[in-house]
>>> print(open('protein_37.cif').read())   # mmCIF, C-alpha atoms
data_my_file
#
loop_
_atom_site.label_atom_id
_atom_site.label_comp_id
_atom_site.auth_asym_id
_atom_site.auth_seq_id
_atom_site.Cartn_x
_atom_site.Cartn_y
_atom_site.Cartn_z
CA MET W 1 15.82 -14.26 10.32
CA THR W 2 18.60 -11.81 9.52
CA THR W 3 17.73 -8.67 7.62
CA PRO W 4 20.13 -6.69 5.43
CA GLU W 5 20.09 -3.91 8.00
CA GLN W 6 21.42 -6.25 10.67
CA LEU W 7 24.26 -7.47 8.48
CA ASN W 8 25.38 -3.92 7.77
CA ASN W 9 26.74 -1.20 9.96
CA PHE W 10 23.56 0.85 10.02
CA SER W 11 22.76 3.56 12.50
CA ARG W 12 19.57 5.54 12.83
CA ARG W 13 20.30 9.19 12.07
CA ILE W 14 19.25 12.19 9.98
CA PRO W 15 21.27 12.33 6.74
CA ASP W 16 22.62 15.69 5.54
CA GLY W 17 19.90 17.70 3.85
CA ASP W 18 17.12 15.55 5.28
CA ASN W 19 14.83 16.14 8.25
CA LEU W 20 13.85 12.59 9.26
CA GLU W 21 15.86 9.75 10.77
CA ARG W 22 16.89 7.06 8.27
CA ASP W 23 18.95 3.88 8.40
CA VAL W 24 22.39 5.10 7.29
CA CYS W 25 25.33 2.73 6.78
CA ASP W 26 28.33 4.13 8.67
CA THR W 27 30.68 2.23 6.37
CA CYS W 28 29.48 3.20 2.91
CA GLY W 29 26.91 5.98 3.42
CA PHE W 30 24.07 3.97 1.87
CA ILE W 31 20.71 5.33 3.04
CA GLY W 32 18.14 2.61 3.54
CA TYR W 33 15.01 4.60 2.79
CA GLN W 34 11.81 2.86 3.79
CA ASN W 35 8.71 3.67 1.82
CA PRO W 36 5.00 3.05 2.18
CA LYS W 37 3.68 0.10 0.20
CA ILE W 38 0.83 0.17 -2.28
CA VAL W 39 -2.01 -2.34 -2.20
CA VAL W 40 -4.30 -2.47 -5.22
CA GLY W 41 -7.65 -4.22 -5.40
CA ALA W 42 -11.18 -4.08 -6.73
CA VAL W 43 -14.80 -4.39 -5.77
CA VAL W 44 -15.93 -6.60 -8.64
CA ARG W 45 -19.55 -6.72 -9.75
CA ALA W 46 -20.96 -9.59 -11.78
CA GLY W 47 -23.65 -9.01 -14.40
CA ASP W 48 -26.41 -9.79 -11.93
CA GLY W 49 -25.03 -7.30 -9.38
CA LYS W 50 -23.46 -9.92 -7.11
CA LEU W 51 -20.01 -9.10 -5.71
CA LEU W 52 -16.86 -11.21 -5.89
CA LEU W 53 -15.25 -12.23 -2.61
CA CYS W 54 -12.32 -14.52 -1.86
CA LYS W 55 -11.80 -16.56 1.30
CA ARG W 56 -8.13 -16.13 2.20
CA SER W 57 -5.91 -19.21 2.40
CA ILE W 58 -2.92 -17.26 3.76
CA GLU W 59 -2.13 -15.14 6.78
CA PRO W 60 -2.96 -12.55 7.84
CA ARG W 61 -6.63 -13.41 8.34
CA ALA W 62 -6.66 -16.84 6.69
CA GLY W 63 -10.25 -18.15 6.51
CA TYR W 64 -11.76 -14.66 6.25
CA TRP W 65 -13.25 -13.00 3.20
CA THR W 66 -11.79 -10.17 1.16
CA VAL W 67 -12.10 -8.45 -2.18
CA PRO W 68 -9.23 -9.42 -4.49
CA ALA W 69 -6.26 -7.19 -3.59
CA GLY W 70 -2.53 -7.36 -3.06
CA TYR W 71 0.78 -5.55 -3.36
CA LEU W 72 1.49 -3.59 -6.50
CA GLU W 73 4.56 -4.93 -8.31
CA LEU W 74 7.47 -2.95 -9.73
CA ASN W 75 6.80 -1.32 -13.11
CA GLU W 76 3.08 -2.05 -12.80
CA ALA W 77 0.17 0.36 -13.17
CA PRO W 78 -2.34 0.23 -10.29
CA ASP W 79 -5.28 -0.76 -12.48
CA ALA W 80 -3.20 -3.51 -14.10
CA GLY W 81 -2.22 -4.69 -10.63
CA ALA W 82 -5.85 -4.89 -9.54
CA MET W 83 -6.65 -6.96 -12.66
CA ARG W 84 -3.69 -9.26 -11.92
CA GLU W 85 -4.78 -9.78 -8.31
CA ALA W 86 -8.32 -10.71 -9.40
CA MET W 87 -6.79 -13.27 -11.74
CA GLU W 88 -4.36 -14.63 -9.14
CA GLU W 89 -6.86 -14.92 -6.31
CA ALA W 90 -10.06 -15.84 -8.17
CA ASN W 91 -9.07 -16.66 -11.78
CA ALA W 92 -11.38 -13.74 -12.54
CA HIS W 93 -11.25 -11.63 -15.67
CA ILE W 94 -12.28 -8.10 -14.75
CA ALA W 95 -12.66 -4.73 -16.44
CA ILE W 96 -11.65 -1.69 -14.41
CA ASP W 97 -14.32 1.02 -14.26
CA ARG W 98 -13.13 3.80 -11.89
CA VAL W 99 -11.08 4.50 -8.80
CA LEU W 100 -13.44 3.72 -5.94
CA ALA W 101 -11.22 4.75 -3.01
CA ILE W 102 -7.75 5.60 -1.78
CA TYR W 103 -7.22 4.39 1.77
CA THR W 104 -4.36 5.05 4.17
CA ILE W 105 -3.52 2.35 6.69
CA ALA W 106 -1.01 4.55 8.53
CA ARG W 107 -0.07 1.93 11.13
CA LEU W 108 1.10 -0.37 8.33
CA SER W 109 2.44 2.42 6.07
CA GLN W 110 0.11 1.08 3.45
CA ILE W 111 -1.78 2.98 0.74
CA GLN W 112 -4.64 1.09 -0.86
CA ILE W 113 -6.00 2.02 -4.29
CA ILE W 114 -9.32 0.21 -4.74
CA TYR W 115 -11.18 0.21 -8.06
CA ARG W 116 -14.77 -0.39 -9.05
CA ALA W 117 -14.69 -3.17 -11.63
CA ALA W 118 -16.91 -5.55 -13.58
CA LEU W 119 -16.55 -9.30 -13.99
CA THR W 120 -16.24 -9.93 -17.73
CA ASP W 121 -16.43 -13.75 -17.63
CA PRO W 122 -18.69 -15.56 -15.12
CA ASN W 123 -16.13 -18.36 -14.64
CA ILE W 124 -14.23 -17.90 -11.40
CA SER W 125 -12.31 -20.32 -9.20
CA ALA W 126 -10.01 -20.20 -6.20
CA GLY W 127 -6.37 -19.32 -6.89
CA PRO W 128 -3.52 -20.44 -4.60
CA GLU W 129 -4.12 -17.64 -2.09
CA SER W 130 -7.85 -18.43 -1.76
CA LEU W 131 -9.67 -21.31 -0.08
CA GLU W 132 -12.80 -20.55 -2.07
CA VAL W 133 -14.31 -17.71 -4.06
CA GLY W 134 -17.91 -16.70 -4.57
CA LEU W 135 -20.43 -14.19 -5.84
CA PHE W 136 -22.69 -12.69 -3.20
CA THR W 137 -25.77 -10.53 -3.11
CA TRP W 138 -25.51 -7.73 -0.56
CA ASP W 139 -27.44 -9.71 2.03
CA GLU W 140 -25.45 -12.89 1.38
CA ILE W 141 -22.08 -11.22 2.09
CA PRO W 142 -20.48 -12.95 5.12
CA TRP W 143 -20.34 -9.70 7.09
CA ASP W 144 -19.13 -11.36 10.29
CA ASP W 145 -16.17 -12.96 8.52
CA ILE W 146 -14.67 -10.06 6.58
CA ALA W 147 -10.86 -10.05 6.71
CA PHE W 148 -10.02 -6.35 7.06
CA PRO W 149 -11.76 -3.07 7.94
CA SER W 150 -10.89 -1.66 4.52
CA VAL W 151 -12.94 -4.45 2.88
CA HIS W 152 -15.95 -3.23 4.87
CA TRP W 153 -15.20 0.34 3.78
CA ALA W 154 -14.86 -0.59 0.11
CA LEU W 155 -18.05 -2.63 0.00
CA GLY W 156 -20.06 0.09 1.76
CA GLN W 157 -18.68 2.88 -0.39
CA TYR W 158 -19.19 0.80 -3.53
CA LYS W 159 -22.87 0.51 -2.62
CA GLU W 160 -23.12 4.32 -2.52
CA THR W 161 -21.83 4.52 -6.09
CA ILE W 162 -24.31 2.09 -7.66
CA GLY W 163 -25.88 3.97 -10.56
CA ASP W 164 -23.23 6.71 -10.53
CA ALA W 165 -21.16 6.84 -13.70
CA SER W 166 -18.73 9.40 -12.31
CA PHE W 167 -17.65 10.14 -8.75
CA PRO W 168 -14.58 11.27 -6.83
CA PRO W 169 -12.68 8.60 -4.92
CA PHE W 170 -13.62 7.88 -1.34
CA ALA W 171 -11.09 7.90 1.51
CA ASN W 172 -11.02 6.25 4.95
CA PRO W 173 -14.52 6.72 6.40
CA MET P 1 28.52 2.80 -3.00
CA THR P 2 27.73 -0.60 -1.55
CA THR P 3 24.12 -1.64 -1.18
CA PRO P 4 22.78 -4.12 1.37
CA GLU P 5 22.15 -6.60 -1.42
CA GLN P 6 25.84 -6.59 -2.36
CA LEU P 7 26.94 -7.24 1.21
CA ASN P 8 24.60 -10.21 1.52
CA ASN P 9 24.46 -13.52 -0.23
CA PHE P 10 21.49 -12.65 -2.43
CA SER P 11 20.48 -14.51 -5.54
CA ARG P 12 17.72 -13.69 -7.95
CA ARG P 13 15.09 -16.45 -7.86
CA ILE P 14 11.38 -17.18 -7.43
CA PRO P 15 10.57 -17.90 -3.76
CA ASP P 16 8.25 -20.79 -2.89
CA GLY P 17 4.63 -19.80 -3.44
CA ASP P 18 5.54 -16.77 -5.52
CA ASN P 19 5.57 -16.28 -9.27
CA LEU P 20 8.11 -13.47 -9.75
CA GLU P 21 11.87 -13.37 -9.23
CA ARG P 22 12.96 -11.69 -6.00
CA ASP P 23 16.28 -11.04 -4.24
CA VAL P 24 16.52 -14.00 -1.85
CA CYS P 25 19.34 -14.37 0.69
CA ASP P 26 20.78 -17.88 0.36
CA THR P 27 22.08 -17.69 3.93
CA CYS P 28 19.00 -16.65 5.88
CA GLY P 29 16.07 -16.83 3.47
CA PHE P 30 15.30 -13.10 3.74
CA ILE P 31 13.32 -11.95 0.70
CA GLY P 32 14.26 -8.43 -0.37
CA TYR P 33 10.94 -7.38 -1.89
CA GLN P 34 11.14 -4.23 -3.93
CA ASN P 35 8.03 -2.10 -4.12
CA PRO P 36 6.87 0.82 -6.18
CA LYS P 37 7.28 4.20 -4.53
CA ILE P 38 4.57 6.78 -3.99
CA VAL P 39 5.01 10.44 -4.90
CA VAL P 40 2.44 12.89 -3.59
CA GLY P 41 1.95 16.45 -4.74
CA ALA P 42 -0.54 19.18 -5.51
CA VAL P 43 -1.58 21.70 -8.10
CA VAL P 44 -2.04 24.67 -5.80
CA ARG P 45 -4.30 27.57 -6.74
CA ALA P 46 -4.00 30.97 -5.08
CA GLY P 47 -7.07 33.12 -4.47
CA ASP P 48 -6.56 34.99 -7.73
CA GLY P 49 -6.34 31.75 -9.72
CA LYS P 50 -2.56 31.80 -10.11
CA LEU P 51 -0.75 28.48 -9.69
CA LEU P 52 2.18 27.72 -7.38
CA LEU P 53 5.37 26.45 -9.00
CA CYS P 54 8.80 25.72 -7.53
CA LYS P 55 12.14 25.93 -9.35
CA ARG P 56 14.08 22.83 -8.29
CA SER P 57 17.43 23.28 -6.55
CA ILE P 58 18.18 19.54 -6.59
CA GLU P 59 18.64 16.84 -9.18
CA PRO P 60 16.98 15.43 -11.13
CA ARG P 61 16.05 18.47 -13.21
CA ALA P 62 17.60 21.18 -11.04
CA GLY P 63 16.69 24.60 -12.40
CA TYR P 64 13.38 23.43 -13.85
CA TRP P 65 9.88 24.12 -12.53
CA THR P 66 7.54 21.72 -10.81
CA VAL P 67 4.46 21.60 -8.64
CA PRO P 68 5.32 20.80 -5.03
CA ALA P 69 5.67 17.01 -4.78
CA GLY P 70 7.86 14.34 -3.24
CA TYR P 71 8.03 10.90 -1.72
CA LEU P 72 5.36 9.87 0.74
CA GLU P 73 6.85 9.04 4.13
CA LEU P 74 6.12 6.01 6.32
CA ASN P 75 2.89 6.23 8.34
CA GLU P 76 1.78 9.28 6.33
CA ALA P 77 -1.53 9.81 4.54
CA PRO P 78 -1.16 10.96 0.92
CA ASP P 79 -3.02 14.23 1.44
CA ALA P 80 -0.91 15.00 4.52
CA GLY P 81 2.19 14.22 2.47
CA ALA P 82 1.15 16.66 -0.25
CA MET P 83 0.62 19.36 2.38
CA ARG P 84 4.05 18.62 3.88
CA GLU P 85 5.75 18.84 0.50
CA ALA P 86 4.14 22.23 -0.21
CA MET P 87 5.48 23.43 3.12
CA GLU P 88 8.96 21.98 2.60
CA GLU P 89 9.40 23.23 -0.95
CA ALA P 90 7.56 26.55 -0.85
CA ASN P 91 6.74 27.29 2.80
CA ALA P 92 3.17 27.18 1.51
CA HIS P 93 0.13 26.45 3.63
CA ILE P 94 -2.39 24.60 1.47
CA ALA P 95 -5.83 23.04 1.84
CA ILE P 96 -6.43 19.80 -0.05
CA ASP P 97 -9.54 19.84 -2.23
CA ARG P 98 -9.72 16.57 -4.24
CA VAL P 99 -7.62 13.90 -5.88
CA LEU P 100 -6.72 15.39 -9.26
CA ALA P 101 -4.88 12.41 -10.75
CA ILE P 102 -3.15 9.10 -10.18
CA TYR P 103 -0.20 8.66 -12.52
CA THR P 104 1.96 5.61 -13.16
CA ILE P 105 5.59 6.19 -14.12
CA ALA P 106 6.19 2.50 -14.86
CA ARG P 107 9.85 2.95 -15.86
CA LEU P 108 10.60 4.34 -12.40
CA SER P 109 8.09 2.10 -10.54
CA GLN P 110 6.54 5.29 -9.27
CA ILE P 111 2.88 6.01 -8.50
CA GLN P 112 2.01 9.69 -8.22
CA ILE P 113 -1.08 10.87 -6.33
CA ILE P 114 -1.64 14.52 -7.23
CA TYR P 115 -4.26 16.65 -5.48
CA ARG P 116 -6.07 19.83 -6.38
CA ALA P 117 -5.42 22.25 -3.54
CA ALA P 118 -5.82 25.89 -2.51
CA LEU P 119 -3.22 28.22 -1.06
CA THR P 120 -4.56 29.34 2.31
CA ASP P 121 -1.91 31.99 3.07
CA PRO P 122 -0.42 34.16 0.31
CA ASN P 123 3.04 34.12 1.91
CA ILE P 124 5.32 31.66 0.13
CA SER P 125 9.10 31.37 -0.08
CA ALA P 126 11.68 28.92 -1.38
CA GLY P 127 12.45 25.95 0.86
CA PRO P 128 15.82 24.14 0.72
CA GLU P 129 14.86 22.07 -2.34
CA SER P 130 13.77 25.15 -4.33
CA LEU P 131 15.80 27.94 -5.94
CA GLU P 132 12.71 30.12 -6.12
CA VAL P 133 8.95 29.78 -5.97
CA GLY P 134 6.23 31.77 -7.65
CA LEU P 135 2.57 32.19 -8.53
CA PHE P 136 1.80 32.14 -12.24
CA THR P 137 -1.17 32.84 -14.45
CA TRP P 138 -1.69 30.17 -17.09
CA ASP P 139 0.12 32.24 -19.72
CA GLU P 140 2.98 33.09 -17.37
CA ILE P 141 3.80 29.43 -16.63
CA PRO P 142 7.36 28.71 -17.86
CA TRP P 143 6.16 25.96 -20.20
CA ASP P 144 9.57 25.42 -21.77
CA ASP P 145 11.22 24.85 -18.41
CA ILE P 146 8.89 22.33 -16.75
CA ALA P 147 10.78 19.61 -14.87
CA PHE P 148 8.77 16.47 -15.65
CA PRO P 149 6.06 15.30 -18.08
CA SER P 150 3.72 14.58 -15.17
CA VAL P 151 3.85 18.28 -14.20
CA HIS P 152 2.58 19.12 -17.69
CA TRP P 153 -0.16 16.48 -17.30
CA ALA P 154 -1.23 17.75 -13.89
CA LEU P 155 -1.39 21.39 -14.94
CA GLY P 156 -3.36 20.57 -18.09
CA GLN P 157 -5.80 18.28 -16.30
CA TYR P 158 -6.19 20.78 -13.47
CA LYS P 159 -7.29 23.34 -16.07
CA GLU P 160 -10.05 20.98 -17.22
CA THR P 161 -11.44 20.81 -13.68
CA ILE P 162 -11.73 24.57 -13.08
CA GLY P 163 -15.31 25.15 -11.98
CA ASP P 164 -15.94 21.44 -11.30
CA ALA P 165 -16.68 20.68 -7.67
CA SER P 166 -16.59 16.93 -8.18
CA PHE P 167 -14.75 14.80 -10.73
CA PRO P 168 -13.08 11.39 -10.96
CA PRO P 169 -9.28 11.36 -10.89
CA PHE P 170 -7.36 11.62 -14.13
CA ALA P 171 -4.69 9.11 -15.17
CA ASN P 172 -1.71 9.32 -17.54
CA PRO P 173 -2.99 11.13 -20.65
#
>>> encode(input="protein_37.cif", output="structure tokens")
Amino acid sequence: MTTPEQLNNFSRRIPDGDNLERDVCDTCGFIGYQNPKIVVGAVVRAGDGKLLLCKRSIEPRAGYWTVPAGYLELNEAPDAGAMREAMEEANAHIAIDRVLAIYTIARLSQIQIIYRAALTDPNISAGPESLEVGLFTWDEIPWDDIAFPSVHWALGQYKETIGDASFPPFANP
Amino acid sequence: MTTPEQLNNFSRRIPDGDNLERDVCDTCGFIGYQNPKIVVGAVVRAGDGKLLLCKRSIEPRAGYWTVPAGYLELNEAPDAGAMREAMEEANAHIAIDRVLAIYTIARLSQIQIIYRAALTDPNISAGPESLEVGLFTWDEIPWDDIAFPSVHWALGQYKETIGDASFPPFANP
């Protein structure tokens, strides 16, 4: 697959007034800045305290369980993005409560903003990116089949906040 | 200035399995996803309670005052990015305290993560992106010459947290 960078006359150098190497087009001067990406998601609690998980139908980690989460879109607020992802992955209507955590996955240049949220309608079903979805008590959570470390972090930190109306966001443990 | 998209054979369409229009190369199938950008910054308090502001030397809003802030770099944690920006813009050594606020500037597809921080060395000076830097009491802040609405928000919300060791992050007011 050909990327735009390969079709252009880019070289890796430090632009004037900058202090980091960037992809600079030697023909037109265009600077191809690369930026970290934002993932938004939510730990979603049903009325009975069970938590919403989705079994991924897509790579990476197809067949493993995650909280609903995905890339923030242009012109989208993070809390709105987390609500959209819950709808896309689990047809779940949720209400955002608070910011649960801000994680940095430095290797992937990914910032994750994870909310604590409540399921506002008990009807859920798998969206196109999920094989199945479910509500789990703490002990029912498929701990051996969790998709990503940050899902472990979010579930564990969520548990610490049960009963807390107000708390500062967690970070990578 | 020519952008990579103009040099390629991109059309605006919804890729298979997606639900939003993207820039898709009709030659190679490359999808040019565009993502929101992350700005990180800090409201920085000196030992005497004065706040650090920087007069911008660059557009947008050259000549107006801001808290130190800028784009998060690849592979960088947000708190580390806020510390780097304080150093770049004001040669200021700071210690991050807590997440003060997460703002969404939807028009610009920009997410701002602003921290509450402390100046750990009283020596500050203008970096290349600042005309001057200074420490201001609340009443000395040049309120009529603030660069961006989010700087107003951050300063005002910071003031509400004085004396609070722990608080949830603010959002757009």
>>> closest_residue(input="protein_37.cif", among="W:Thr66, W:Asn19, W:Gln110, W:Asn75", to="Ile141 in chain W", atoms="all atoms listed in the file")
W:Thr66
>>> calpha_fit_and_write(input="protein_37.cif", fixed="chain W", moving="chain P", output="compact mmCIF listing (two decimals) with C-alpha atoms, in the coordinates of the input")
# COMPACT_ATOMS: atom_id res chain seq x y z
CA MET P 1 15.75 -14.28 10.30
CA THR P 2 18.51 -11.82 9.54
CA THR P 3 17.69 -8.68 7.62
CA PRO P 4 20.11 -6.71 5.45
CA GLU P 5 20.10 -3.93 8.02
CA GLN P 6 21.40 -6.31 10.70
CA LEU P 7 24.24 -7.53 8.51
CA ASN P 8 25.36 -3.98 7.77
CA ASN P 9 26.72 -1.25 9.95
CA PHE P 10 23.52 0.81 10.00
CA SER P 11 22.73 3.52 12.48
CA ARG P 12 19.57 5.52 12.82
CA ARG P 13 20.29 9.18 12.07
CA ILE P 14 19.23 12.18 9.97
CA PRO P 15 21.25 12.33 6.72
CA ASP P 16 22.61 15.67 5.52
CA GLY P 17 19.87 17.70 3.85
CA ASP P 18 17.10 15.55 5.28
CA ASN P 19 14.83 16.13 8.25
CA LEU P 20 13.83 12.59 9.26
CA GLU P 21 15.85 9.74 10.76
CA ARG P 22 16.87 7.06 8.27
CA ASP P 23 18.93 3.86 8.38
CA VAL P 24 22.37 5.07 7.28
CA CYS P 25 25.31 2.70 6.75
CA ASP P 26 28.31 4.10 8.63
CA THR P 27 30.66 2.18 6.34
CA CYS P 28 29.44 3.18 2.89
CA GLY P 29 26.90 5.96 3.39
CA PHE P 30 24.04 3.96 1.85
CA ILE P 31 20.70 5.33 3.03
CA GLY P 32 18.12 2.59 3.52
CA TYR P 33 14.98 4.61 2.79
CA GLN P 34 11.80 2.87 3.79
CA ASN P 35 8.69 3.70 1.81
CA PRO P 36 5.01 3.08 2.18
CA LYS P 37 3.68 0.13 0.20
CA ILE P 38 0.83 0.19 -2.28
CA VAL P 39 -2.01 -2.33 -2.21
CA VAL P 40 -4.30 -2.47 -5.21
CA GLY P 41 -7.65 -4.21 -5.40
CA ALA P 42 -11.18 -4.08 -6.73
CA VAL P 43 -14.80 -4.39 -5.77
CA VAL P 44 -15.92 -6.60 -8.63
CA ARG P 45 -19.55 -6.71 -9.74
CA ALA P 46 -20.94 -9.59 -11.78
CA GLY P 47 -23.62 -9.01 -14.40
CA ASP P 48 -26.38 -9.81 -11.93
CA GLY P 49 -25.03 -7.32 -9.39
CA LYS P 50 -23.43 -9.92 -7.12
CA LEU P 51 -20.00 -9.09 -5.71
CA LEU P 52 -16.85 -11.22 -5.90
CA LEU P 53 -15.25 -12.22 -2.60
CA CYS P 54 -12.31 -14.52 -1.85
CA LYS P 55 -11.78 -16.56 1.32
CA ARG P 56 -8.11 -16.13 2.22
CA SER P 57 -5.90 -19.22 2.42
CA ILE P 58 -2.92 -17.25 3.76
CA GLU P 59 -2.14 -15.14 6.79
CA PRO P 60 -2.96 -12.55 7.87
CA ARG P 61 -6.63 -13.41 8.34
CA ALA P 62 -6.67 -16.84 6.70
CA GLY P 63 -10.22 -18.14 6.50
CA TYR P 64 -11.75 -14.67 6.26
CA TRP P 65 -13.25 -12.99 3.20
CA THR P 66 -11.80 -10.16 1.17
CA VAL P 67 -12.08 -8.44 -2.18
CA PRO P 68 -9.23 -9.41 -4.49
CA ALA P 69 -6.26 -7.19 -3.58
CA GLY P 70 -2.52 -7.34 -3.05
CA TYR P 71 0.78 -5.54 -3.36
CA LEU P 72 1.48 -3.58 -6.50
CA GLU P 73 4.55 -4.91 -8.30
CA LEU P 74 7.46 -2.92 -9.73
CA ASN P 75 6.79 -1.29 -13.11
CA GLU P 76 3.06 -2.04 -12.79
CA ALA P 77 0.16 0.38 -13.17
CA PRO P 78 -2.35 0.25 -10.30
CA ASP P 79 -5.29 -0.75 -12.49
CA ALA P 80 -3.21 -3.50 -14.11
CA GLY P 81 -2.22 -4.67 -10.63
CA ALA P 82 -5.85 -4.89 -9.55
CA MET P 83 -6.65 -6.96 -12.64
CA ARG P 84 -3.69 -9.25 -11.91
CA GLU P 85 -4.77 -9.76 -8.31
CA ALA P 86 -8.31 -10.71 -9.40
CA MET P 87 -6.78 -13.27 -11.73
CA GLU P 88 -4.34 -14.63 -9.14
CA GLU P 89 -6.85 -14.90 -6.32
CA ALA P 90 -10.03 -15.84 -8.17
CA ASN P 91 -9.06 -16.65 -11.77
CA ALA P 92 -11.38 -13.74 -12.53
CA HIS P 93 -11.24 -11.64 -15.66
CA ILE P 94 -12.27 -8.10 -14.74
CA ALA P 95 -12.65 -4.73 -16.45
CA ILE P 96 -11.64 -1.68 -14.41
CA ASP P 97 -14.30 1.02 -14.25
CA ARG P 98 -13.12 3.82 -11.89
CA VAL P 99 -11.08 4.52 -8.80
CA LEU P 100 -13.44 3.72 -5.93
CA ALA P 101 -11.22 4.77 -3.02
CA ILE P 102 -7.76 5.61 -1.78
CA TYR P 103 -7.23 4.40 1.78
CA THR P 104 -4.37 5.07 4.17
CA ILE P 105 -3.51 2.36 6.69
CA ALA P 106 -1.01 4.57 8.52
CA ARG P 107 -0.07 1.94 11.12
CA LEU P 108 1.11 -0.37 8.34
CA SER P 109 2.43 2.44 6.06
CA GLN P 110 0.09 1.10 3.44
CA ILE P 111 -1.79 3.01 0.73
CA GLN P 112 -4.66 1.10 -0.86
CA ILE P 113 -6.01 2.03 -4.30
CA ILE P 114 -9.32 0.22 -4.75
CA TYR P 115 -11.18 0.22 -8.06
CA ARG P 116 -14.76 -0.40 -9.05
CA ALA P 117 -14.68 -3.17 -11.63
CA ALA P 118 -16.91 -5.56 -13.58
CA LEU P 119 -16.54 -9.30 -13.99
CA THR P 120 -16.23 -9.93 -17.72
CA ASP P 121 -16.42 -13.75 -17.63
CA PRO P 122 -18.66 -15.56 -15.13
CA ASN P 123 -16.12 -18.37 -14.64
CA ILE P 124 -14.21 -17.90 -11.39
CA SER P 125 -12.28 -20.32 -9.19
CA ALA P 126 -9.98 -20.19 -6.18
CA GLY P 127 -6.35 -19.31 -6.89
CA PRO P 128 -3.52 -20.44 -4.58
CA GLU P 129 -4.11 -17.64 -2.06
CA SER P 130 -7.84 -18.43 -1.76
CA LEU P 131 -9.66 -21.32 -0.07
CA GLU P 132 -12.78 -20.55 -2.06
CA VAL P 133 -14.29 -17.71 -4.05
CA GLY P 134 -17.88 -16.70 -4.57
CA LEU P 135 -20.40 -14.18 -5.85
CA PHE P 136 -22.66 -12.70 -3.20
CA THR P 137 -25.74 -10.53 -3.10
CA TRP P 138 -25.48 -7.73 -0.55
CA ASP P 139 -27.43 -9.74 2.03
CA GLU P 140 -25.42 -12.90 1.38
CA ILE P 141 -22.06 -11.22 2.10
CA PRO P 142 -20.47 -12.95 5.13
CA TRP P 143 -20.32 -9.70 7.10
CA ASP P 144 -19.10 -11.36 10.29
CA ASP P 145 -16.16 -12.97 8.53
CA ILE P 146 -14.65 -10.06 6.58
CA ALA P 147 -10.85 -10.04 6.69
CA PHE P 148 -10.01 -6.35 7.06
CA PRO P 149 -11.76 -3.06 7.94
CA SER P 150 -10.88 -1.65 4.52
CA VAL P 151 -12.92 -4.44 2.88
CA HIS P 152 -15.94 -3.24 4.87
CA TRP P 153 -15.20 0.35 3.78
CA ALA P 154 -14.85 -0.58 0.12
CA LEU P 155 -18.03 -2.63 0.01
CA GLY P 156 -20.04 0.08 1.77
CA GLN P 157 -18.68 2.88 -0.40
CA TYR P 158 -19.17 0.80 -3.54
CA LYS P 159 -22.85 0.51 -2.61
CA GLU P 160 -23.12 4.31 -2.51
CA THR P 161 -21.84 4.53 -6.09
CA ILE P 162 -24.32 2.08 -7.66
CA GLY P 163 -25.89 3.95 -10.56
CA ASP P 164 -23.23 6.70 -10.53
CA ALA P 165 -21.17 6.83 -13.70
CA SER P 166 -18.75 9.39 -12.31
CA PHE P 167 -17.68 10.14 -8.74
CA PRO P 168 -14.58 11.28 -6.85
CA PRO P 169 -12.69 8.61 -4.93
CA PHE P 170 -13.62 7.88 -1.34
CA ALA P 171 -11.10 7.92 1.51
CA ASN P 172 -11.03 6.26 4.94
CA PRO P 173 -14.54 6.73 6.38
>>> atom_distance(input="protein_37.cif", atom1="CA of Asn91 in chain W", atom2="CA of Asn172 in chain W")
28.4 Å
>>> resolve_selection(input="protein_37.cif", expression="the PyMOL selection byres ((chain W and resi 170) around 12)", output="PyMOL selection string")
(chain W and resi 98-104+112-116+150+153-161+167-169+171-173) or (chain P and resi 98-99+166-169)
>>> resolve_selection(input="protein_37.cif", expression="the PyMOL selection byres ((chain P) within 8 of (chain W))", output="MDAnalysis selection string")
chainID P and resid 1:5 7:8 28:30 34:38 72:78 98:99 104:111 166:169
>>> write_last_selection(input="protein_37.cif", atoms="C-alpha atoms", output="short mmCIF file (atom, residue, chain, number, x, y, z; two decimals), in the frame of the given file")
data_model
loop_
_atom_site.label_atom_id
_atom_site.label_comp_id
_atom_site.auth_asym_id
_atom_site.auth_seq_id
_atom_site.Cartn_x
_atom_site.Cartn_y
_atom_site.Cartn_z
CA MET P 1 28.52 2.80 -3.00
CA THR P 2 27.73 -0.60 -1.55
CA THR P 3 24.12 -1.64 -1.18
CA PRO P 4 22.78 -4.12 1.37
CA GLU P 5 22.15 -6.60 -1.42
CA LEU P 7 26.94 -7.24 1.21
CA ASN P 8 24.60 -10.21 1.52
CA CYS P 28 19.00 -16.65 5.88
CA GLY P 29 16.07 -16.83 3.47
CA PHE P 30 15.30 -13.10 3.74
CA GLN P 34 11.14 -4.23 -3.93
CA ASN P 35 8.03 -2.10 -4.12
CA PRO P 36 6.87 0.82 -6.18
CA LYS P 37 7.28 4.20 -4.53
CA ILE P 38 4.57 6.78 -3.99
CA LEU P 72 5.36 9.87 0.74
CA GLU P 73 6.85 9.04 4.13
CA LEU P 74 6.12 6.01 6.32
CA ASN P 75 2.89 6.23 8.34
CA GLU P 76 1.78 9.28 6.33
CA ALA P 77 -1.53 9.81 4.54
CA PRO P 78 -1.16 10.96 0.92
CA ARG P 98 -9.72 16.57 -4.24
CA VAL P 99 -7.62 13.90 -5.88
CA THR P 104 1.96 5.61 -13.16
CA ILE P 105 5.59 6.19 -14.12
CA ALA P 106 6.19 2.50 -14.86
CA ARG P 107 9.85 2.95 -15.86
CA LEU P 108 10.60 4.34 -12.40
CA SER P 109 8.09 2.10 -10.54
CA GLN P 110 6.54 5.29 -9.27
CA ILE P 111 2.88 6.01 -8.50
CA SER P 166 -16.59 16.93 -8.18
CA PHE P 167 -14.75 14.80 -10.73
CA PRO P 168 -13.08 11.39 -10.96
CA PRO P 169 -9.28 11.36 -10.89
#
